[in-house]
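Asker: Just start-v8.cif, nothing more (mmCIF, C-alpha atoms):
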```
data_final
loop_
_atom_site.label_atom_id
_atom_site.label_comp_id
_atom_site.auth_asym_id
_atom_site.auth_seq_id
_atom_site.Cartn_x
_atom_site.Cartn_y
_atom_site.Cartn_z
CA MET K 15 -47.11 -13.01 -7.07
CA PRO K 16 -47.59 -16.79 -7.05
CA ASN K 17 -46.03 -18.40 -10.09
CA LEU K 18 -48.50 -18.02 -12.94
CA SER K 19 -48.85 -20.91 -15.32
CA GLN K 20 -48.72 -20.46 -19.06
CA ALA K 21 -52.51 -20.87 -19.09
CA ALA K 22 -52.92 -17.99 -16.60
CA HIS K 23 -50.64 -15.76 -18.66
CA GLU K 24 -52.67 -16.54 -21.75
CA LEU K 25 -55.95 -15.85 -19.93
CA LEU K 26 -54.72 -12.48 -18.61
CA GLY K 27 -53.44 -11.58 -22.06
CA SER K 28 -56.60 -12.62 -23.86
CA ALA K 29 -59.63 -10.57 -24.90
CA ALA K 30 -61.73 -12.01 -22.05
CA VAL K 31 -63.20 -9.17 -19.97
CA ALA K 32 -62.45 -9.38 -16.23
CA THR K 33 -64.88 -8.87 -13.37
CA VAL K 34 -63.38 -6.68 -10.64
CA ALA K 35 -64.62 -6.88 -7.04
CA THR K 36 -63.94 -4.18 -4.46
CA ILE K 37 -65.41 -3.44 -1.04
CA ASN K 38 -67.92 -0.64 -0.54
CA ALA K 39 -67.88 1.60 2.54
CA ASP K 40 -70.77 -0.38 4.04
CA GLY K 41 -68.86 -3.67 3.61
CA SER K 42 -70.90 -4.86 0.64
CA VAL K 43 -69.29 -5.91 -2.63
CA HIS K 44 -68.97 -3.71 -5.70
CA LEU K 45 -68.65 -5.54 -9.04
CA SER K 46 -67.71 -4.01 -12.34
CA SER K 47 -65.90 -5.13 -15.46
CA ALA K 48 -62.56 -4.09 -16.91
CA TRP K 49 -60.03 -4.76 -19.61
CA VAL K 50 -56.91 -6.12 -17.94
CA GLY K 51 -53.32 -6.92 -18.86
CA ILE K 52 -50.03 -7.88 -17.20
CA GLU K 53 -47.19 -5.41 -16.70
CA ASP K 54 -44.08 -6.02 -14.62
CA GLY K 55 -45.63 -9.09 -13.03
CA GLU K 56 -48.77 -7.29 -11.89
CA ILE K 57 -52.32 -7.25 -13.23
CA VAL K 58 -53.20 -3.78 -14.51
CA PHE K 59 -56.27 -1.90 -15.66
CA ALA K 60 -56.93 1.71 -16.60
CA THR K 61 -59.86 4.06 -16.06
CA LEU K 62 -60.36 7.57 -17.35
CA PRO K 63 -62.86 8.79 -14.72
CA ASP K 64 -62.36 8.33 -10.97
CA GLN K 65 -64.80 5.44 -10.61
CA ARG K 66 -66.33 3.94 -7.52
CA LYS K 67 -63.97 0.97 -7.62
CA LEU K 68 -61.02 3.37 -7.29
CA ARG K 69 -62.58 5.20 -4.35
CA ASN K 70 -63.22 1.81 -2.74
CA LEU K 71 -59.61 0.70 -3.29
CA ARG K 72 -58.19 3.85 -1.71
CA ARG K 73 -60.14 3.04 1.44
CA ASP K 74 -59.51 -0.74 1.33
CA PRO K 75 -56.94 -1.98 -1.22
CA ARG K 76 -58.08 -5.60 -1.14
CA ILE K 77 -59.29 -6.69 -4.56
CA ALA K 78 -60.47 -9.86 -6.26
CA LEU K 79 -60.67 -10.28 -10.00
CA THR K 80 -62.04 -13.11 -12.08
CA ILE K 81 -61.84 -14.10 -15.74
CA HIS K 82 -63.75 -16.95 -17.34
CA GLY K 83 -61.78 -19.28 -19.57
CA GLU K 84 -63.08 -21.07 -22.64
CA ARG K 85 -62.41 -24.66 -21.61
CA VAL K 86 -64.90 -26.87 -19.78
CA ASN K 87 -63.59 -29.40 -17.26
CA GLU K 88 -64.50 -33.08 -16.95
CA TRP K 89 -67.60 -32.19 -14.86
CA GLY K 90 -68.94 -29.81 -17.48
CA LEU K 91 -67.92 -26.72 -15.49
CA GLN K 92 -66.39 -23.78 -17.34
CA GLU K 93 -62.89 -22.88 -16.21
CA TYR K 94 -62.33 -19.57 -14.42
CA ALA K 95 -59.47 -17.96 -12.54
CA VAL K 96 -59.77 -15.78 -9.44
CA PHE K 97 -56.83 -13.52 -8.58
CA GLU K 98 -56.85 -12.10 -5.04
CA GLY K 99 -54.47 -9.38 -3.98
CA VAL K 100 -53.85 -5.77 -3.11
CA ALA K 101 -54.19 -2.80 -5.45
CA ARG K 102 -52.42 0.51 -5.68
CA ILE K 103 -53.57 3.39 -7.86
CA THR K 104 -51.43 5.89 -9.74
CA GLN K 105 -52.58 8.89 -11.72
CA GLY K 106 -51.88 9.39 -15.42
CA GLY K 107 -51.25 7.19 -18.43
CA ALA K 108 -54.77 5.74 -18.62
CA ALA K 109 -55.47 6.67 -22.24
CA GLU K 110 -52.18 5.13 -23.39
CA MET K 111 -52.86 1.89 -21.49
CA LEU K 112 -56.45 1.76 -22.79
CA GLN K 113 -55.09 2.14 -26.32
CA ARG K 114 -52.73 -0.80 -25.76
CA LEU K 115 -55.51 -2.92 -24.25
CA ALA K 116 -57.91 -1.93 -27.05
CA HIS K 117 -55.59 -3.65 -29.50
CA THR K 118 -56.23 -6.88 -27.62
CA TYR K 119 -59.89 -6.35 -26.79
CA LEU K 120 -61.21 -4.58 -29.89
CA GLY K 121 -58.71 -5.16 -32.68
CA PRO K 122 -55.23 -4.24 -33.89
CA ASP K 123 -56.33 -1.12 -35.76
CA VAL K 124 -58.73 0.37 -33.21
CA VAL K 125 -58.14 3.90 -31.92
CA PHE K 126 -59.30 4.19 -28.31
CA PRO K 127 -60.59 6.11 -26.40
CA GLY K 128 -60.77 8.22 -29.55
CA MET K 129 -61.36 11.55 -27.82
CA PRO K 130 -59.15 14.63 -28.17
CA ASN K 131 -57.21 15.50 -25.02
CA PRO K 132 -58.37 12.63 -22.79
CA PRO K 133 -57.98 13.19 -19.02
CA PRO K 134 -54.88 11.65 -17.37
CA GLY K 135 -57.02 9.01 -15.70
CA PHE K 136 -55.82 6.31 -13.34
CA ILE K 137 -53.93 3.05 -13.50
CA THR K 138 -54.58 0.30 -10.98
CA ARG K 139 -51.82 -2.26 -10.37
CA ILE K 140 -52.63 -5.46 -8.53
CA LYS K 141 -50.08 -7.46 -6.60
CA VAL K 142 -51.54 -10.97 -6.70
CA GLU K 143 -51.33 -12.89 -3.44
CA ARG K 144 -53.51 -15.89 -4.18
CA ILE K 145 -54.97 -17.66 -7.22
CA ARG K 146 -58.15 -19.75 -7.04
CA GLY K 147 -60.82 -21.07 -9.38
CA ILE K 148 -61.23 -24.04 -11.70
CA GLY K 149 -58.33 -24.61 -14.09
CA PRO K 150 -54.54 -24.91 -14.38
CA TRP K 151 -53.79 -21.34 -13.30
CA GLN K 152 -51.06 -21.77 -10.78
CA GLU K 153 -47.74 -23.27 -11.72
CA LEU K 154 -46.69 -26.27 -9.72
CA ASP K 155 -43.57 -25.85 -7.63
CA SER K 156 -40.64 -25.95 -9.99
CA MET W 9 -87.16 -7.14 -7.34
CA PRO W 10 -86.80 -4.18 -9.70
CA ASN W 11 -88.62 -4.74 -12.97
CA LEU W 12 -86.37 -6.87 -15.15
CA SER W 13 -86.29 -6.07 -18.83
CA GLN W 14 -86.70 -8.74 -21.45
CA ALA W 15 -82.92 -8.53 -22.03
CA ALA W 16 -82.26 -9.26 -18.34
CA HIS W 17 -84.64 -12.23 -18.38
CA GLU W 18 -82.86 -13.60 -21.44
CA LEU W 19 -79.43 -13.10 -19.85
CA LEU W 20 -80.46 -14.89 -16.64
CA GLY W 21 -81.99 -17.70 -18.67
CA SER W 22 -79.01 -18.09 -20.97
CA ALA W 23 -76.01 -20.43 -20.78
CA ALA W 24 -73.73 -17.58 -19.59
CA VAL W 25 -72.04 -18.57 -16.33
CA ALA W 26 -72.49 -16.08 -13.46
CA THR W 27 -69.82 -14.78 -11.10
CA VAL W 28 -71.05 -14.78 -7.50
CA ALA W 29 -69.53 -12.43 -4.91
CA THR W 30 -69.93 -12.92 -1.16
CA ILE W 31 -68.19 -11.44 1.86
CA ASN W 32 -65.56 -13.40 3.79
CA ALA W 33 -65.30 -13.26 7.59
CA ASP W 34 -62.36 -10.84 7.31
CA GLY W 35 -64.39 -8.48 5.08
CA SER W 36 -62.61 -9.44 1.86
CA VAL W 37 -64.50 -10.59 -1.23
CA HIS W 38 -65.00 -14.21 -2.25
CA LEU W 39 -65.63 -14.82 -5.95
CA SER W 40 -66.80 -18.05 -7.52
CA SER W 41 -68.87 -19.04 -10.51
CA ALA W 42 -72.28 -20.66 -10.74
CA TRP W 43 -75.03 -21.72 -13.08
CA VAL W 44 -78.06 -19.54 -12.36
CA GLY W 45 -81.72 -19.40 -13.27
CA ILE W 46 -84.89 -17.52 -12.34
CA GLU W 47 -87.61 -19.08 -10.18
CA ASP W 48 -90.56 -17.23 -8.71
CA GLY W 49 -88.98 -13.87 -9.48
CA GLU W 50 -85.72 -14.68 -7.73
CA ILE W 51 -82.28 -15.62 -9.02
CA VAL W 52 -81.41 -19.16 -7.94
CA PHE W 53 -78.39 -21.45 -7.91
CA ALA W 54 -77.72 -24.89 -6.47
CA THR W 55 -74.68 -26.47 -4.83
CA LEU W 56 -74.19 -30.05 -3.72
CA PRO W 57 -71.46 -29.44 -1.09
CA ASP W 58 -71.69 -26.75 1.60
CA GLN W 59 -69.31 -24.32 -0.09
CA ARG W 60 -67.57 -21.27 1.28
CA LYS W 61 -70.02 -18.93 -0.46
CA LEU W 62 -72.85 -20.53 1.51
CA ARG W 63 -71.02 -20.20 4.82
CA ASN W 64 -70.36 -16.56 3.95
CA LEU W 65 -74.01 -15.93 3.10
CA ARG W 66 -75.23 -17.39 6.41
CA ARG W 67 -73.06 -14.85 8.22
CA ASP W 68 -73.80 -11.92 5.85
CA PRO W 69 -76.59 -12.47 3.29
CA ARG W 70 -75.54 -9.60 1.02
CA ILE W 71 -74.63 -10.89 -2.43
CA ALA W 72 -73.69 -9.49 -5.82
CA LEU W 73 -73.78 -11.48 -9.01
CA THR W 74 -72.67 -10.56 -12.50
CA ILE W 75 -73.19 -12.04 -15.96
CA HIS W 76 -71.48 -10.84 -19.11
CA GLY W 77 -73.69 -10.34 -22.14
CA GLU W 78 -72.69 -10.88 -25.75
CA ARG W 79 -73.36 -7.40 -27.11
CA VAL W 80 -70.82 -4.59 -27.23
CA ASN W 81 -71.99 -1.00 -26.73
CA GLU W 82 -71.15 2.05 -28.82
CA TRP W 83 -67.88 2.56 -26.89
CA GLY W 84 -66.69 -0.98 -27.58
CA LEU W 85 -67.46 -2.15 -24.03
CA GLN W 86 -69.05 -5.56 -23.55
CA GLU W 87 -72.42 -5.46 -21.83
CA TYR W 88 -72.74 -6.95 -18.34
CA ALA W 89 -75.39 -6.96 -15.64
CA VAL W 90 -74.79 -6.77 -11.89
CA PHE W 91 -77.58 -7.94 -9.60
CA GLU W 92 -77.25 -6.88 -5.95
CA GLY W 93 -79.47 -8.31 -3.26
CA VAL W 94 -79.93 -10.58 -0.30
CA ALA W 95 -79.67 -14.37 -0.32
CA ARG W 96 -81.38 -17.07 1.67
CA ILE W 97 -80.34 -20.71 1.66
CA THR W 98 -82.53 -23.77 1.90
CA GLN W 99 -81.47 -27.38 2.13
CA GLY W 100 -82.44 -30.04 -0.42
CA GLY W 101 -83.37 -30.15 -4.08
CA ALA W 102 -79.92 -29.23 -5.40
CA ALA W 103 -79.49 -32.21 -7.71
CA GLU W 104 -82.90 -31.62 -9.30
CA MET W 105 -82.15 -27.93 -9.87
CA LEU W 106 -78.70 -28.73 -11.24
CA GLN W 107 -80.32 -31.17 -13.66
CA ARG W 108 -82.71 -28.45 -14.85
CA LEU W 109 -79.87 -25.92 -15.20
CA ALA W 110 -77.66 -28.49 -16.97
CA HIS W 111 -80.23 -28.59 -19.77
CA THR W 112 -79.52 -24.90 -20.34
CA TYR W 113 -75.79 -24.92 -19.66
CA LEU W 114 -74.69 -28.25 -21.11
CA GLY W 115 -77.42 -29.46 -23.44
CA PRO W 116 -80.98 -30.83 -23.54
CA ASP W 117 -79.93 -34.46 -23.16
CA VAL W 118 -77.30 -34.13 -20.44
CA VAL W 119 -77.69 -36.08 -17.20
CA PHE W 120 -76.23 -34.12 -14.30
CA PRO W 121 -74.74 -34.48 -11.71
CA GLY W 122 -74.75 -38.10 -12.89
CA MET W 123 -73.95 -39.68 -9.54
CA PRO W 124 -76.11 -42.25 -7.74
CA ASN W 125 -77.75 -40.92 -4.57
CA PRO W 126 -76.50 -37.31 -4.69
CA PRO W 127 -76.56 -35.43 -1.36
CA PRO W 128 -79.56 -33.12 -0.77
CA GLY W 129 -77.36 -30.06 -1.26
CA PHE W 130 -78.45 -26.46 -0.99
CA ILE W 131 -80.44 -23.95 -2.99
CA THR W 132 -79.65 -20.24 -2.75
CA ARG W 133 -82.40 -17.78 -3.64
CA ILE W 134 -81.56 -14.13 -4.25
CA LYS W 135 -84.00 -11.32 -3.78
CA VAL W 136 -82.65 -8.65 -6.14
CA GLU W 137 -82.67 -5.12 -4.76
CA ARG W 138 -80.64 -3.27 -7.37
CA ILE W 139 -79.47 -3.80 -10.95
CA ARG W 140 -76.34 -2.13 -12.35
CA GLY W 141 -73.90 -2.61 -15.21
CA ILE W 142 -73.76 -1.73 -18.88
CA GLY W 143 -76.85 -2.67 -20.89
CA PRO W 144 -80.65 -2.53 -20.99
CA TRP W 145 -81.23 -4.64 -17.88
CA GLN W 146 -83.79 -2.66 -15.96
CA GLU W 147 -87.22 -1.99 -17.37
CA LEU W 148 -88.21 1.63 -17.58
CA ASP W 149 -91.17 2.61 -15.44
CA SER W 150 -94.25 1.29 -17.12
#
```
Translate the structure of the given file into structure tokens.
Answerer:
Amino acid sequence: MPNLSQAAHELLGSAAVATVATINADGSVHLSSAWVGIEDGEIVFATLPDQRKLRNLRRDPRIALTIHGERVNEWGLQEYAVFEGVARITQGGAAEMLQRLAHTYLGPDVVFPGMPNPPPGFITRIKVERIRGIGPWQELDS
Amino acid sequence: MPNLSQAAHELLGSAAVATVATINADGSVHLSSAWVGIEDGEIVFATLPDQRKLRNLRRDPRIALTIHGERVNEWGLQEYAVFEGVARITQGGAAEMLQRLAHTYLGPDVVFPGMPNPPPGFITRIKVERIRGIGPWQELDS
């Protein structure tokens, strides 16, 4: 992963919902949204059902993900970060990860998904290869 | 264009910045952000320079665009709309469209882009073929 700046860490750890882009079988783009976090230097998200974005990633693991920041730059444009990389999917642990992310996205006392015996679900881990966008996302060479 | 609901019209006319997805030459996804509006039943955005998303769209006009809403549904998930369609690009009029959009995105008195003699730029018009996401974006058959 390129060196993430403090601002990028804060963005990925915030309650801002990410937009996830994967590639459909016909080469068109599939967009959806997801709660994301950072674990072991990778961007992660969890899904209970086997969604289209997961089927797309098994066929083509290239992924791009964007999160809008809150700041506006000197031209009046809202900051956003784009993380491009490769995803791998593992089975299990989705409900536990969603519960952890729900504390960030919904509140410290929220129980999520709040169903008895949730399915094992899937975790997607993204190895970031490139960071783009408007904002101080990538750390300068140190 | 599928029949847009009142909620979709309001979202496209709001100050929420859109994420625009196009297809790179190698088949990967390019994400960027844009101010958008509706004109003549199409989603529009304007760019002064000839950006990568425009070069991508000339090669493959398929586009997907998403905007996050403000409401949260009964599962705690933030609403978002995805508009999928086909784009066409025309030259000229970008500064004027950016000025109109700046009134929505930055404020009623803002002068934008605020440079003397801006280049003609480009306008991208999207014919929407499909609407997805979480929220009441598509009007029921009437």
Asker: For the interface of region 49-135 of chain W with region 14-29 of chain W (cut-off 6 Å, counting all atoms listed in the file), please tabulate each contacting residue of region 49-135 of chain W alongside its nearest pair of atoms and their separation in Å to one decimal, rows sorted by chain and increasing number, as a Markdown table.
Answerer:
```
| residue | atom | partner | partner_atom | distance |
| --- | --- | --- | --- | --- |
| W:Ile71 | CA | W:Ala29 | CA | 5.9 |
| W:Ala72 | CA | W:Ala29 | CA | 5.2 |
| W:Leu73 | CA | W:Val28 | CA | 4.5 |
| W:Thr74 | CA | W:Thr27 | CA | 5.3 |
| W:Ile75 | CA | W:Ala26 | CA | 4.8 |
| W:Thr112 | CA | W:Ala23 | CA | 5.7 |
| W:Tyr113 | CA | W:Ala23 | CA | 4.6 |
```
Asker: Please expand the PyMOL selection byres ((chain K) within 7 of (chain W)) into the concrete residues it hits in this file, giving the result as a PyMOL selection string.
Answerer: chain K and resi 35+41-43+45-46+76+78+90+96+120+147
Asker: What gap, in Å, lies between CA of Lys67 (chain K) and CA of Ile46 (chain W)?
Answerer: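 It comes out at 28.3 Å.
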Asker: With all atoms listed in the file as the basis for distance, which of W:His111, W:Arg79, W:Arg133, W:Arg60 is at the shortest distance from Gly93 (chain W)?
Answerer: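 Under the stated criterion, the closest residue is W:Arg133.
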Asker: Identify all residues satisfying the PyMOL selection byres ((chain K and resi 133-135) around 8) in the given file; provide them as a PyMOL selection string.
Answerer: chain K and resi 60-64+105-109+131-132+136-137
Asker: CA of Arg108 (chain W) to CA of Asn87 (chain K): how many Å, to one decimal?
Answerer: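 CA of Arg108 (chain W) sits 19.3 Å away from CA of Asn87 (chain K).
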Asker: Got a minute to add N, CA and C atoms to region 49-62 of chain K and dump it as a PDB file, keeping the file's coordinate frame?
Answerer:
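Generated file (selection.pdb):
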```
ATOM      1  N   TRP K  49     -61.088  -4.173 -18.802  1.00  0.00           N
ATOM      2  CA  TRP K  49     -60.030  -4.760 -19.610  1.00  0.00           C
ATOM      3  C   TRP K  49     -58.798  -4.849 -18.734  1.00  0.00           C
ATOM      4  N   VAL K  50     -58.108  -5.981 -18.768  1.00  0.00           N
ATOM      5  CA  VAL K  50     -56.910  -6.120 -17.940  1.00  0.00           C
ATOM      6  C   VAL K  50     -55.728  -6.623 -18.770  1.00  0.00           C
ATOM      7  N   GLY K  51     -54.544  -6.411 -18.244  1.00  0.00           N
ATOM      8  CA  GLY K  51     -53.320  -6.920 -18.860  1.00  0.00           C
ATOM      9  C   GLY K  51     -52.320  -7.231 -17.759  1.00  0.00           C
ATOM     10  N   ILE K  52     -51.125  -7.647 -18.159  1.00  0.00           N
ATOM     11  CA  ILE K  52     -50.030  -7.880 -17.200  1.00  0.00           C
ATOM     12  C   ILE K  52     -48.905  -6.923 -17.539  1.00  0.00           C
ATOM     13  N   GLU K  53     -48.383  -6.252 -16.527  1.00  0.00           N
ATOM     14  CA  GLU K  53     -47.190  -5.410 -16.700  1.00  0.00           C
ATOM     15  C   GLU K  53     -46.306  -5.585 -15.490  1.00  0.00           C
ATOM     16  N   ASP K  54     -45.040  -5.885 -15.719  1.00  0.00           N
ATOM     17  CA  ASP K  54     -44.080  -6.020 -14.620  1.00  0.00           C
ATOM     18  C   ASP K  54     -44.585  -6.981 -13.544  1.00  0.00           C
ATOM     19  N   GLY K  55     -45.200  -8.072 -13.973  1.00  0.00           N
ATOM     20  CA  GLY K  55     -45.630  -9.090 -13.030  1.00  0.00           C
ATOM     21  C   GLY K  55     -46.868  -8.753 -12.233  1.00  0.00           C
ATOM     22  N   GLU K  56     -47.533  -7.651 -12.594  1.00  0.00           N
ATOM     23  CA  GLU K  56     -48.770  -7.290 -11.890  1.00  0.00           C
ATOM     24  C   GLU K  56     -49.922  -7.222 -12.892  1.00  0.00           C
ATOM     25  N   ILE K  57     -51.138  -7.446 -12.398  1.00  0.00           N
ATOM     26  CA  ILE K  57     -52.320  -7.250 -13.230  1.00  0.00           C
ATOM     27  C   ILE K  57     -52.650  -5.761 -13.239  1.00  0.00           C
ATOM     28  N   VAL K  58     -52.930  -5.224 -14.399  1.00  0.00           N
ATOM     29  CA  VAL K  58     -53.200  -3.780 -14.510  1.00  0.00           C
ATOM     30  C   VAL K  58     -54.516  -3.540 -15.230  1.00  0.00           C
ATOM     31  N   PHE K  59     -55.167  -2.423 -14.850  1.00  0.00           N
ATOM     32  CA  PHE K  59     -56.270  -1.900 -15.660  1.00  0.00           C
ATOM     33  C   PHE K  59     -56.269  -0.388 -15.570  1.00  0.00           C
ATOM     34  N   ALA K  60     -56.937   0.255 -16.511  1.00  0.00           N
ATOM     35  CA  ALA K  60     -56.930   1.710 -16.600  1.00  0.00           C
ATOM     36  C   ALA K  60     -58.358   2.246 -16.645  1.00  0.00           C
ATOM     37  N   THR K  61     -58.543   3.419 -16.035  1.00  0.00           N
ATOM     38  CA  THR K  61     -59.860   4.060 -16.060  1.00  0.00           C
ATOM     39  C   THR K  61     -59.653   5.548 -16.293  1.00  0.00           C
ATOM     40  N   LEU K  62     -60.466   6.117 -17.136  1.00  0.00           N
ATOM     41  CA  LEU K  62     -60.360   7.570 -17.350  1.00  0.00           C
ATOM     42  C   LEU K  62     -61.024   8.347 -16.222  1.00  0.00           C
TER      43      LEU K  62
END
```
